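Chemist: Structure in structure tokens, see below.
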Amino acid sequence: MCTNVCKSVLKDYPEDINFLCLISRANIALRLFNEAQKYLNQATKLSPQSSMARETYGDLLLARNKPHEAIREYQFALEINPEREQIKKKINYAKKVELDLKKNDTKKNNNASTQIDFTDEINAVTTHMEEGRLDNAEDILRDILKKHPNHVEAARLLAGVAMEHDRYRDAEIFLLRAVKNAPDYSRAWADLIKSQREQNKYDKALESADKLLSLDPNIADSHMLKASVQGMAGYHEAAIDSYKKALEISPSKAGAMCIMAHHLKTVGKQDEAIQAYRQAIQTKTDHTEAYWSLANLKTFNFTDEEVTEMERLLIDADLRDLGKTHLYNALGLEYESRKNYTKAFENMSACNTVRRKLESYDPVEFETTTDKVIDFFSSDTIKKNISEEKSVTPIFVVGLPRSGSTLIEQILASHSLVEGTHELGELTMAMRAVRDKAKIKNGFPKALTEFKKEHWNLLGQEYLQLTEKYRTDKLYFIDKNPNNFSFIGQIKLAIPNARIINAKRHPLDSCYGSFKQLFASGQPFSYDLVELGEYYMEYQRIMDHWHKVLPGFILDVSYEEVVAGLDEQVTRILEFCGLPFEESCLRFYETERAVKTASSEQVRKPIYSSSVNLWRNYEDKLADLIEILEPLLKKLPKKDRPKSL
């Protein structure tokens with residue numbers, strides 16, 4: 001809930017006028033007038049000349065059915081900030097409410113009435129939602145809307161329940177109703193932006209963000225919300241500008257500095273990113289994400305003082321689990337760069353012990369799913385169901401994380417005929433869309449048995465349509481989602497002209513590379529060495545199957561071979577994709593493009609070999625992993641095996 005977030009922030013920044021006004025508005029919307037009054041008293045005491053505080057005070061008075069007093073506050077706010085047209089609109093609205101009250105004391109403006117009714121019910125809903133009883137909250141809200149279809153707050157809160165269940169389309173419908181009935185209700189607009197953003201409706205979300213900012217351009221959080229949409233849409237420079245605007249309004253927002261730095265890193269402005277990360281730490285000394293983000297650059301080294309401070313925070317600070325994982329991982333990467341592999345492993349293990357408790361992963365379920373996929377995609381099934389070739393050729397780069405896939409992506413994206421994108425999630429979205437259109441109720445992988453030839457063709461069309469927003473008019477584009485290795489059969493049937501490149505690396509380097517990487521989300525198998533080993537074996541099992549039933553459809557590319565012979569491997573990759581050789585692919589590090597992954601800074605440098613056989617520094621600590629991978633490791637040349645084998 002917004003009030004809880006604001007309260008948390010106000011503990012650290014009790015004199016932040018923006019958040020005092022924001023929490024006041026939230027309480028006004030919930031009819032918690034005494035709470036709103038408390039925070040507004042504090043805001044006006046801190047800054048009597050704050051236009052935002054005076055305007056919010058007017059909102060409170062109007063909600064309390066005191067339009068005459070509200071007009072006085074609005075006029076005061078307008079004197080302070082005469083450029084704000086929205087205050088003039090509020091004055092006119094308050095005058096209308098005042099006139100209506102004089103004509104008939106029982107009549108209320110529609111917007112006002114939607115907020116006044118059902119106070120007890122709304123308070124009960126708030127309690128239910130805060131305590132996790134979403135079904136109870138939903139029942140009350142639906143009952144309110146049956147009696148009063150235009151109740152703005154009920155519609156907004158019901159949208160919140162829908163979003164908790166990932167029903168973002170339902171949420172959008174309720175929120176569109178809310179902003180139609182209360183076009184100046186900024187909180188409803190903010191929620192609408194989030195619902196549209198989560199559906200990848202970036203154009204709609206940006207339109208809503210502009211509307212929110214038109215209501216009050218002096219709220220830092222509104223600029224940050226717009227920036228979040230711009231970032232997800234791939235407009236990184238625009239996102240940076242929006243974060244800068246937020247920081248002009250509220251210079252102490254460490255979170256805005258840190259996320260802005262992510263975008264600076266993505267577009268290759270490393271020095272500016274480092275400066276922003278460090279500024280976030282200076283602003284908020286326990287901003288652990290900034291420490292982790294600096295370490296995650298992979299080309300950065302902390303000072304001794306920064307290392308000491310991180311270790312102090314782990315001992316002294318009251319950190320949440322996420323903060324602990326940030327610092328343990330940052331220290332692990334730093335100690336590895338200093339070749340102190342014992343301390344590096346201790347910190348990485350400590351990080352992953354904490355993180356694994358936060359993840360939901362069932363290795364047995366993954367193995368069972370792999371069995372079903374292998375059983376379904378026989379050579380005969382593929383021959384009978386393959387669809388027509390498509391006009392665009394996607395190049396899927398798959399494999400385990402940290403196996404050289406970003407390097408392959410950067411090489412290909414340096415070609416004039418290839419569109420570089422990033423790790424796309426549109427393939428699974430397309431599969432869900434086709435399943436829904438075909439009225440198939442079963443989920444993956446059982447749903448595969450109900451797909452007909454026309455469904456596979458539709459899957460290809462849906463995928464290409466969903467990825468249009470990332471592409472120009474180039475005939476090739478890259479999808480570098482490593483987890484797509486499980487879906488190679490679907491890709492072949494849906495887009496037979498696609499190319500699949502399997503990024504491979506020494507099994508121990510591949511697994512330990514994943515183990516030491518703290519992923520922002522996903523990859524839940526990577527935080528335990530035993531589970532990692534088992535996952536790798538399943539990956540290898542299904543890749544062996546694809547090579548058997550789809551001969552020639554997949555190109556295995558070894559990271560070690562790329563490092564040892566770049567020219568030869570680049571030529572091999574381009575020939576497989578049907579692309580003419582271009583010298584720019586050898587100078588991939590000169591290509592200017594947004595790179596979102598953890599390897600973003602590494603692929604902006606010429607090829608290097610320091611990551612090859614990194615596992616040998618940890619060999620004495622990887623006994624469990626080596627035991628699981630033994631069947632694969634024994635197939636390697638003797639020089640590439642662990643000493644125990």
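Residue names in the structure tokens use chain letters A, B, ... in the order shown, residue numbers from 1 in each chain, and ligand numbers from 1 in the order shown.
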Show me, as a PDB file with N, CA and C atoms, in the first residue's frame, the residues that have an atom within 12 Å of Asp241 (chain A) when counting only C-alpha atoms, minus same-chain residues fewer than 6 positions from it.
Modeler:
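Done, and the output landed in around23.pdb:
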ATOM      1  N   HIS A 223       7.569  11.317 -12.092  1.00  0.00           N
ATOM      2  CA  HIS A 223       8.629  11.230 -13.100  1.00  0.00           C
ATOM      3  C   HIS A 223       9.313   9.864 -13.051  1.00  0.00           C
ATOM      4  N   MET A 224       9.484   9.321 -11.853  1.00  0.00           N
ATOM      5  CA  MET A 224      10.100   8.004 -11.712  1.00  0.00           C
ATOM      6  C   MET A 224       9.221   6.914 -12.310  1.00  0.00           C
ATOM      7  N   LYS A 226       7.083   7.311 -14.784  1.00  0.00           N
ATOM      8  CA  LYS A 226       7.220   7.411 -16.241  1.00  0.00           C
ATOM      9  C   LYS A 226       8.542   6.802 -16.689  1.00  0.00           C
ATOM     10  N   ALA A 227       9.599   7.062 -15.927  1.00  0.00           N
ATOM     11  CA  ALA A 227      10.914   6.519 -16.278  1.00  0.00           C
ATOM     12  C   ALA A 227      10.907   4.992 -16.282  1.00  0.00           C
ATOM     13  N   SER A 228      10.160   4.394 -15.359  1.00  0.00           N
ATOM     14  CA  SER A 228      10.104   2.932 -15.312  1.00  0.00           C
ATOM     15  C   SER A 228       9.494   2.364 -16.588  1.00  0.00           C
ATOM     16  N   GLN A 230       9.515   3.980 -19.569  1.00  0.00           N
ATOM     17  CA  GLN A 230      10.480   4.256 -20.640  1.00  0.00           C
ATOM     18  C   GLN A 230      11.604   3.222 -20.641  1.00  0.00           C
ATOM     19  N   GLY A 231      12.055   2.854 -19.460  1.00  0.00           N
ATOM     20  CA  GLY A 231      13.122   1.861 -19.372  1.00  0.00           C
ATOM     21  C   GLY A 231      12.692   0.511 -19.896  1.00  0.00           C
ATOM     22  N   TYR A 235      13.557   2.787 -23.989  1.00  0.00           N
ATOM     23  CA  TYR A 235      13.908   4.202 -24.210  1.00  0.00           C
ATOM     24  C   TYR A 235      14.827   4.657 -23.072  1.00  0.00           C
ATOM     25  N   LEU A 247      15.108  13.874  -9.710  1.00  0.00           N
ATOM     26  CA  LEU A 247      16.148  14.259  -8.755  1.00  0.00           C
ATOM     27  C   LEU A 247      16.265  15.772  -8.603  1.00  0.00           C
ATOM     28  N   GLU A 248      15.852  16.507  -9.625  1.00  0.00           N
ATOM     29  CA  GLU A 248      15.797  17.966  -9.477  1.00  0.00           C
ATOM     30  C   GLU A 248      14.748  18.355  -8.439  1.00  0.00           C
ATOM     31  N   ALA A 256      16.267   6.603  -7.081  1.00  0.00           N
ATOM     32  CA  ALA A 256      16.255   7.192  -8.421  1.00  0.00           C
ATOM     33  C   ALA A 256      17.667   7.269  -8.990  1.00  0.00           C
ATOM     34  N   MET A 257      18.628   7.623  -8.149  1.00  0.00           N
ATOM     35  CA  MET A 257      20.024   7.679  -8.600  1.00  0.00           C
ATOM     36  C   MET A 257      20.494   6.312  -9.071  1.00  0.00           C
ATOM     37  N   ILE A 259      18.700   3.596 -10.065  1.00  0.00           N
ATOM     38  CA  ILE A 259      18.054   3.088 -11.281  1.00  0.00           C
ATOM     39  C   ILE A 259      18.516   3.891 -12.496  1.00  0.00           C
ATOM     40  N   MET A 260      18.698   5.192 -12.320  1.00  0.00           N
ATOM     41  CA  MET A 260      19.247   5.993 -13.411  1.00  0.00           C
ATOM     42  C   MET A 260      20.616   5.459 -13.821  1.00  0.00           C
ATOM     43  N   ALA A 261      21.416   5.064 -12.821  1.00  0.00           N
ATOM     44  CA  ALA A 261      22.734   4.499 -13.111  1.00  0.00           C
ATOM     45  C   ALA A 261      22.627   3.210 -13.914  1.00  0.00           C
ATOM     46  N   HIS A 263      20.470   2.545 -16.187  1.00  0.00           N
ATOM     47  CA  HIS A 263      20.260   2.941 -17.588  1.00  0.00           C
ATOM     48  C   HIS A 263      21.525   3.549 -18.191  1.00  0.00           C
ATOM     49  N   LEU A 264      22.265   4.306 -17.398  1.00  0.00           N
ATOM     50  CA  LEU A 264      23.538   4.842 -17.887  1.00  0.00           C
ATOM     51  C   LEU A 264      24.491   3.707 -18.251  1.00  0.00           C
TER      52      LEU A 264
END
Chemist: Run DSSP on the backbone and grab whatever in region 108-251 of chain A lands in alpha helix (DSSP H); send it over as a PyMOL selection string.
Modeler: chain A and resi 110-116+119-130+134-147+152-164+168-181+186-198+202-215+220-232+236-249
Chemist: Quick one: residues within 12 Å of Arg338 (chain A), only C-alpha atoms, excluding same-chain residues fewer than 2 positions away - as a list in words?
Modeler: Phe300, Asn301, Phe302, Thr303, Asp304, Val307, Leu331, Gly332, Leu333, Glu334, Tyr335, Glu336, Asn340, Tyr341, Thr342, Lys343 and Ala344 of chain A
Chemist: Have a look at CA of Lys211 (chain A) and CA of Leu99 (chain A) and let me know their distance in Å, one decimal.
Modeler: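 If I compute the distance from CA of Lys211 (chain A) to CA of Leu99 (chain A), I get 28.3 Å.
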Chemist: Could you check how far CA of Asn123 (chain A) sits from CA of Lys147 (chain A), in Å to one decimal?
Modeler: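 Interatomic distance here is 17.2 Å.
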Chemist: Contacts of Leu632 (chain A) at 12 Å or less, counting only C-alpha atoms, minus same-chain residues fewer than 3 places along, as a list in words?
Modeler: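 Here the qualifying residues turn out to be His506, Pro507, Leu508, Gly533, Glu534, Tyr536, Met537, Glu538, Tyr539, Gln540, Arg541, Leu625, Ile626, Glu627, Ile628, Leu629, Lys635, Leu636, Pro637, Asp640, Arg641, Pro642 and Leu645 of chain A.
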Chemist: Return the single residue from A:Asn296, A:Ser391, A:Gln490, A:Thr266 that is closest to Met431 (chain A), with distances computed using only C-alpha atoms.
Modeler: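 Among A:Asn296, A:Ser391, A:Gln490, A:Thr266, it is A:Gln490 that comes nearest to Met431 (chain A).
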Chemist: I'd like to know which of A:Gln517, A:Asn617, A:Gln199, A:Asn218 is closest to Ser51 (chain A), using only C-alpha atoms.
Modeler: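 Of all the options, A:Asn218 lies closest to Ser51 (chain A).
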Chemist: With a distance cut-off of 10 Å and only C-alpha atoms, select the neighbouring residues of region 574-583 of chain A, excluding the residue or stretch itself and same-chain residues fewer than 6 positions from it, and output the selection as a ChimeraX atom specification.
Modeler: /A:393-395,411-412,414-418,476,497-501,552-555,567
Chemist: Output C-alpha atoms for every residue in that selection, as a compact mmCIF listing (two decimals), in the first residue's frame.
Modeler:
# COMPACT_ATOMS: atom_id res chain seq x y z
CA THR A 393 14.36 -14.59 -39.13
CA PRO A 394 14.84 -14.54 -35.36
CA ILE A 395 18.17 -15.78 -34.04
CA ILE A 411 28.95 -10.11 -32.31
CA LEU A 412 25.71 -10.65 -34.23
CA SER A 414 27.36 -5.66 -34.88
CA HIS A 415 26.19 -6.92 -38.30
CA SER A 416 24.33 -4.42 -40.48
CA LEU A 417 21.50 -6.87 -41.24
CA VAL A 418 20.81 -7.90 -37.63
CA TYR A 476 17.15 -10.70 -38.70
CA ASN A 497 13.49 -20.52 -40.67
CA ALA A 498 14.66 -19.42 -37.19
CA ARG A 499 18.29 -19.96 -36.15
CA ILE A 500 19.29 -21.44 -32.79
CA ILE A 501 22.74 -20.80 -31.31
CA GLY A 552 21.43 -29.01 -38.30
CA PHE A 553 18.93 -26.67 -36.65
CA ILE A 554 21.22 -25.75 -33.74
CA LEU A 555 24.79 -24.46 -33.74
CA ASP A 567 37.92 -14.88 -36.58
Chemist: At what distance in Å, to one decimal, does CA of Arg402 (chain A) lie from CA of Val570 (chain A)?
Modeler: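 Between CA of Val570 (chain A) and CA of Arg402 (chain A) the gap is 19.1 Å.
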Chemist: Which neighbours of Ala188 (chain A) fall inside 9 Å, counting only C-alpha atoms, when residues of the same chain fewer than 5 positions from it are skipped, and could you give them as a VMD selection string?
Modeler: chain A and resid 152 to 153 156 175 to 176 178 to 179 182 to 183 193
Chemist: Generate the output file for the selected residues, C-alpha atoms, as a PDB file, in the first residue's frame.
Modeler:
ATOM      1  CA  VAL A 152     -13.862   5.723  -7.592  1.00  0.00           C
ATOM      2  CA  GLU A 153     -11.936   4.363  -4.631  1.00  0.00           C
ATOM      3  CA  ARG A 156      -9.152   1.599  -7.693  1.00  0.00           C
ATOM      4  CA  LEU A 175      -8.779   1.935 -13.324  1.00  0.00           C
ATOM      5  CA  LEU A 176     -10.038   3.324 -16.622  1.00  0.00           C
ATOM      6  CA  ALA A 178     -11.896   5.295 -11.958  1.00  0.00           C
ATOM      7  CA  VAL A 179     -10.069   7.970 -13.959  1.00  0.00           C
ATOM      8  CA  ALA A 182     -12.322  11.230 -11.298  1.00  0.00           C
ATOM      9  CA  PRO A 183      -9.981  12.553 -14.017  1.00  0.00           C
ATOM     10  CA  ILE A 193       0.287   3.272 -15.510  1.00  0.00           C
TER      11      ILE A 193
END
Chemist: Give the strand (DSSP E) residues of region 366-587 of chain A, as assigned by DSSP on the backbone, as a CSV table (one decimal) with C-alpha atoms, in the first residue's frame.
Modeler:
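Saved file selection_7.csv follows:
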chain,number,residue,atom,x,y,z
A,393,THR,CA,14.4,-14.6,-39.1
A,394,PRO,CA,14.8,-14.5,-35.4
A,395,ILE,CA,18.2,-15.8,-34.0
A,396,PHE,CA,17.7,-17.4,-30.6
A,397,VAL,CA,20.8,-17.5,-28.4
A,398,VAL,CA,20.1,-20.1,-25.7
A,399,GLY,CA,22.0,-22.0,-23.0
A,418,VAL,CA,20.8,-7.9,-37.6
A,419,GLU,CA,18.7,-6.1,-35.0
A,476,TYR,CA,17.2,-10.7,-38.7
A,477,PHE,CA,16.8,-10.0,-35.0
A,478,ILE,CA,18.2,-11.6,-31.8
A,479,ASP,CA,16.3,-13.1,-28.9
A,499,ARG,CA,18.3,-20.0,-36.2
A,500,ILE,CA,19.3,-21.4,-32.8
A,501,ILE,CA,22.7,-20.8,-31.3
A,502,ASN,CA,23.6,-22.7,-28.2
A,503,ALA,CA,26.1,-20.9,-26.1
A,504,LYS,CA,28.3,-23.4,-24.4
A,554,ILE,CA,21.2,-25.8,-33.7
A,555,LEU,CA,24.8,-24.5,-33.7
A,556,ASP,CA,26.8,-25.1,-30.6
A,557,VAL,CA,29.3,-22.3,-29.9
A,558,SER,CA,32.0,-22.8,-27.3
Chemist: Nearest residue to Asn347 (chain A) out of A:Arg177, A:Lys516, A:Lys265, A:Arg54, using only C-alpha atoms?
Modeler: A:Lys516
Chemist: Return the single residue from A:Val612, A:Leu322, A:Leu22, A:Leu550 that is closest to Arg355 (chain A), with distances computed using only C-alpha atoms.
Modeler: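 Of the candidates, the smallest distance to Arg355 (chain A) is held by A:Leu322.
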